[in-house]
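Student: The following block contains the structure, expressed as structure tokens.
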Amino acid sequence: MIDIRRGSERGRTHTDWLDSYHSFSFGDYFSAERLNFGVLRVINDDRIAPGGGFPTHGHRDMEIITYVLEGALEHKDSLGNGSVVRAGDVQRMSAGTGIRHSEFNPSRTEPVHFLQIWIEPRCVGMPPSYEQTPVPDSDKLDRLRLIACPDGAAGSLKILQDARVYTSLLGAGRSVEYPLEPGRSAYVHIACGSLRLNRAPLEAGDAAAVNDEANVVIEAIEPAELLLFDLP
């Protein structure tokens, strides 16, 4: 079964510096039908204006992945980490017992566009930690590239959940296939472009929640970037 979720149906937060679309209930947006998908709790599609950003705030007991699509995002946290996450980079924070951080667009002229993803951890009360890695376009071109999993395999980020996160950059007419093990689900978010998922057309901002399917077949109609979550 495939449940298509249109980008136009997402919640939205719009301020003078932030334009954010929420795939699941978040902040002032609430939908009883869109609380989560298994352990996948948040996908926020954020655009921050030049000089704007989130001041220092706290998280706990959540696996937080930031995937930058365009521009750069400056990060500082209570563990002493300070970095700039650029387009093509992926960042992971395990909030654990508690972490405080800020996120700002350091550019004076260019916006930053990124996805912030929250995955519920398999256990709580763990020490907080931070990790960041580049994912060059060549690594994800016309293939699924693993970017997060429980054991940090293949140079991916290590997360505290039995979930695997992949990204792909597909050229027009190119395709990838992902077999789903029995009892597993998949969630596919389209970051840009357009494609077909098991023949269903999807555009930027759309997503597909997949249950009880043996395979996920994705074919790009035009150049497209996507994230695929393999979930318990």
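Simple scheme: letters A, B, ... for chains in structure tokens order, numbers from 1 for residues in each chain, numbers from 1 for ligands in the order shown.
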Identify, on the basis of only C-alpha atoms, every residue whose closest approach to Glu120 (chain A) does not exceed 8 Å; exclude the query and any residue fewer than 2 positions from it along the same chain; express the result as a list of chain:residue names.
Tutor: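 Residues meeting the cut-off are A:Val39, A:Leu40, A:Arg41, A:Asp61, A:Met62, A:Glu63, A:Trp118, A:Arg122, A:Gln161.
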Student: Write out as a PyMOL selection string each polymer residue whose atoms come within 10 Å of Glu70 (chain A), counting only C-alpha atoms; drop sequence neighbours fewer than 2 positions from it.
Tutor: chain A and resi 47+67-68+72-73+86-88+110-114
Student: I need the alpha helix (DSSP H) residues of region 82-178 of chain A per DSSP on the backbone, written as a list in words.
Tutor: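 The alpha helix (DSSP H) residues within region 82-178 of chain A come out as Asp137, Ser138, Asp139 and Lys140 of chain A.
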Student: The selected residues should be written to file as a short mmCIF file (atom, residue, chain, number, x, y, z; two decimals), in the first residue's frame (atoms: N, CA and C atoms).
Tutor:
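New file again_1.cif:
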data_model
loop_
_atom_site.label_atom_id
_atom_site.label_comp_id
_atom_site.auth_asym_id
_atom_site.auth_seq_id
_atom_site.Cartn_x
_atom_site.Cartn_y
_atom_site.Cartn_z
N ASP A 137 27.82 15.01 -4.81
CA ASP A 137 26.83 14.61 -5.81
C ASP A 137 27.22 13.31 -6.49
N SER A 138 28.51 13.11 -6.72
CA SER A 138 28.96 11.90 -7.42
C SER A 138 28.63 10.63 -6.64
N ASP A 139 28.51 10.73 -5.32
CA ASP A 139 28.20 9.57 -4.47
C ASP A 139 26.74 9.17 -4.54
N LYS A 140 25.87 10.10 -4.93
CA LYS A 140 24.43 9.81 -4.92
C LYS A 140 23.80 9.90 -6.31
#
Student: Show me, as a PDB file with C-alpha atoms, in the first residue's frame, the residues that have an atom within 10 Å of Val84 (chain A) when counting only C-alpha atoms, minus same-chain residues fewer than 4 positions from it.
Tutor:
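To be explicit, this is the file written out as out31.pdb:
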ATOM      1  CA  ALA A  72      24.921  27.091   4.142  1.00  0.00           C
ATOM      2  CA  LEU A  73      23.790  26.778   7.771  1.00  0.00           C
ATOM      3  CA  GLU A  74      25.948  27.807  10.730  1.00  0.00           C
ATOM      4  CA  HIS A  75      25.688  25.517  13.767  1.00  0.00           C
ATOM      5  CA  LYS A  76      26.831  26.002  17.379  1.00  0.00           C
ATOM      6  CA  ASP A  89      26.573  18.084   3.790  1.00  0.00           C
ATOM      7  CA  GLN A  91      24.640  16.632  10.037  1.00  0.00           C
ATOM      8  CA  GLU A 103      21.244  27.511  13.613  1.00  0.00           C
ATOM      9  CA  PHE A 104      21.782  30.601  11.472  1.00  0.00           C
ATOM     10  CA  ASN A 105      22.184  31.535   7.847  1.00  0.00           C
ATOM     11  CA  PRO A 106      25.628  33.174   7.783  1.00  0.00           C
ATOM     12  CA  GLN A 132      28.769  15.803  10.189  1.00  0.00           C
TER      13      GLN A 132
END
Student: Would you mind writing down, as a count of residues only, each residue of region 4-224 of chain A that DSSP on the backbone assigns to strand (DSSP E)?
Tutor: 122
Student: Leaving out Val42 (chain A) and any residue of its chain fewer than 6 positions from it, which residues lie within 7 Å of it when counting only C-alpha atoms, given as a list in words?
Tutor: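 In the requested form, the answer reads Ser23, Phe24, Ile117 and Trp118 of chain A.
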Student: I'd like the contact shell of Leu197 (chain A) - 9 Å cut-off, only C-alpha atoms, skipping same-chain residues fewer than 4 positions apart - returned as JSON, numbers by chain.
Tutor: {"A": [188, 201, 202, 208, 216, 217, 218, 219, 220]}
Student: Which residue out of A:Arg174, A:Leu144, A:Asp19, A:Gly152 has the minimum interatomic distance to Ser194 (chain A) when only C-alpha atoms are used?
Tutor: A:Arg174
Student: Which residues are close to Asp212 (chain A), i.e. within 7 Å by only C-alpha atoms, leaving aside same-chain residues fewer than 2 positions away? Reply as a count of residues only.
Tutor: 3
Student: What is the distance, in Å and to one decimal place, between CA of Ser83 (chain A) and CA of Gly205 (chain A)?
Tutor: 27.4 Å
Student: Between CA of Asp206 (chain A) and CA of Arg184 (chain A), measure the distance and give it in Å to one decimal.
Tutor: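 Between CA of Asp206 (chain A) and CA of Arg184 (chain A) the gap works out to 20.9 Å.
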Student: So which residues touch Arg60 (chain A) within 10 Å, counting only C-alpha atoms, skipping near sequence neighbours fewer than 4 positions away, as an NGL selection string?
Tutor: :A and (64 or 93-100 or 124-128)
Student: Could you turn the residues from that selection into a file that holds N, CA and C atoms, as a PDB file, in the first residue's frame?
Tutor:
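And here is the file that came out, again.pdb:
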ATOM      1  N   ILE A  64      18.401  13.889  15.330  1.00  0.00           N
ATOM      2  CA  ILE A  64      18.091  15.037  14.474  1.00  0.00           C
ATOM      3  C   ILE A  64      19.087  15.065  13.320  1.00  0.00           C
ATOM      4  N   MET A  93      22.670  15.166  15.068  1.00  0.00           N
ATOM      5  CA  MET A  93      22.749  15.394  16.500  1.00  0.00           C
ATOM      6  C   MET A  93      21.914  14.335  17.205  1.00  0.00           C
ATOM      7  N   SER A  94      22.536  13.603  18.105  1.00  0.00           N
ATOM      8  CA  SER A  94      21.788  12.759  19.024  1.00  0.00           C
ATOM      9  C   SER A  94      21.580  13.586  20.281  1.00  0.00           C
ATOM     10  N   ALA A  95      20.338  14.029  20.512  1.00  0.00           N
ATOM     11  CA  ALA A  95      20.089  14.977  21.599  1.00  0.00           C
ATOM     12  C   ALA A  95      20.244  14.324  22.968  1.00  0.00           C
ATOM     13  N   GLY A  96      19.905  13.039  23.080  1.00  0.00           N
ATOM     14  CA  GLY A  96      20.124  12.305  24.319  1.00  0.00           C
ATOM     15  C   GLY A  96      19.573  13.016  25.547  1.00  0.00           C
ATOM     16  N   THR A  97      20.393  13.099  26.593  1.00  0.00           N
ATOM     17  CA  THR A  97      19.967  13.703  27.848  1.00  0.00           C
ATOM     18  C   THR A  97      19.776  15.211  27.751  1.00  0.00           C
ATOM     19  N   GLY A  98      20.187  15.803  26.643  1.00  0.00           N
ATOM     20  CA  GLY A  98      19.948  17.224  26.440  1.00  0.00           C
ATOM     21  C   GLY A  98      21.085  17.905  25.705  1.00  0.00           C
ATOM     22  N   ILE A  99      20.736  18.706  24.710  1.00  0.00           N
ATOM     23  CA  ILE A  99      21.705  19.492  23.970  1.00  0.00           C
ATOM     24  C   ILE A  99      21.043  20.811  23.592  1.00  0.00           C
ATOM     25  N   ARG A 100      21.803  21.891  23.627  1.00  0.00           N
ATOM     26  CA  ARG A 100      21.323  23.203  23.200  1.00  0.00           C
ATOM     27  C   ARG A 100      22.136  23.639  21.996  1.00  0.00           C
ATOM     28  N   VAL A 124      16.299   6.044  25.463  1.00  0.00           N
ATOM     29  CA  VAL A 124      16.423   7.425  25.931  1.00  0.00           C
ATOM     30  C   VAL A 124      17.518   7.508  26.984  1.00  0.00           C
ATOM     31  N   GLY A 125      17.885   8.747  27.302  1.00  0.00           N
ATOM     32  CA  GLY A 125      18.854   8.984  28.359  1.00  0.00           C
ATOM     33  C   GLY A 125      20.294   8.720  27.967  1.00  0.00           C
ATOM     34  N   MET A 126      20.588   8.705  26.662  1.00  0.00           N
ATOM     35  CA  MET A 126      21.949   8.476  26.196  1.00  0.00           C
ATOM     36  C   MET A 126      22.725   9.796  26.179  1.00  0.00           C
ATOM     37  N   PRO A 127      24.059   9.746  26.199  1.00  0.00           N
ATOM     38  CA  PRO A 127      24.843  10.982  26.105  1.00  0.00           C
ATOM     39  C   PRO A 127      24.614  11.664  24.751  1.00  0.00           C
ATOM     40  N   PRO A 128      24.514  12.984  24.733  1.00  0.00           N
ATOM     41  CA  PRO A 128      24.353  13.679  23.450  1.00  0.00           C
ATOM     42  C   PRO A 128      25.637  13.602  22.625  1.00  0.00           C
TER      43      PRO A 128
END
Student: Given only C-alpha atoms as the basis, pick out the residue of A:Arg143, A:Arg164, A:Arg6, A:Arg92 nearest to Val176 (chain A).
Tutor: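 Under the stated criterion, the closest residue is A:Arg143.
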Student: Report, in Å to a single decimal, how far apart CA of Glu203 (chain A) and CA of His22 (chain A) are.
Tutor: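 Spanning CA of His22 (chain A) to CA of Glu203 (chain A) is a straight-line distance of 15.9 Å.
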Student: Between A:Gly58, A:Glu33, A:Thr66, A:Ser20, which one has atoms that come closest to Asp46 (chain A), using only C-alpha atoms?
Tutor: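 Of A:Gly58, A:Glu33, A:Thr66, A:Ser20, the one nearest Asp46 (chain A), counting only C-alpha atoms, is A:Ser20.
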Student: Which one is closest to Ser168 (chain A): A:Val90, A:Ala207, A:Val135, A:Leu141? Count only C-alpha atoms.
Tutor: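 For Ser168 (chain A), the nearest of the candidates is A:Leu141.
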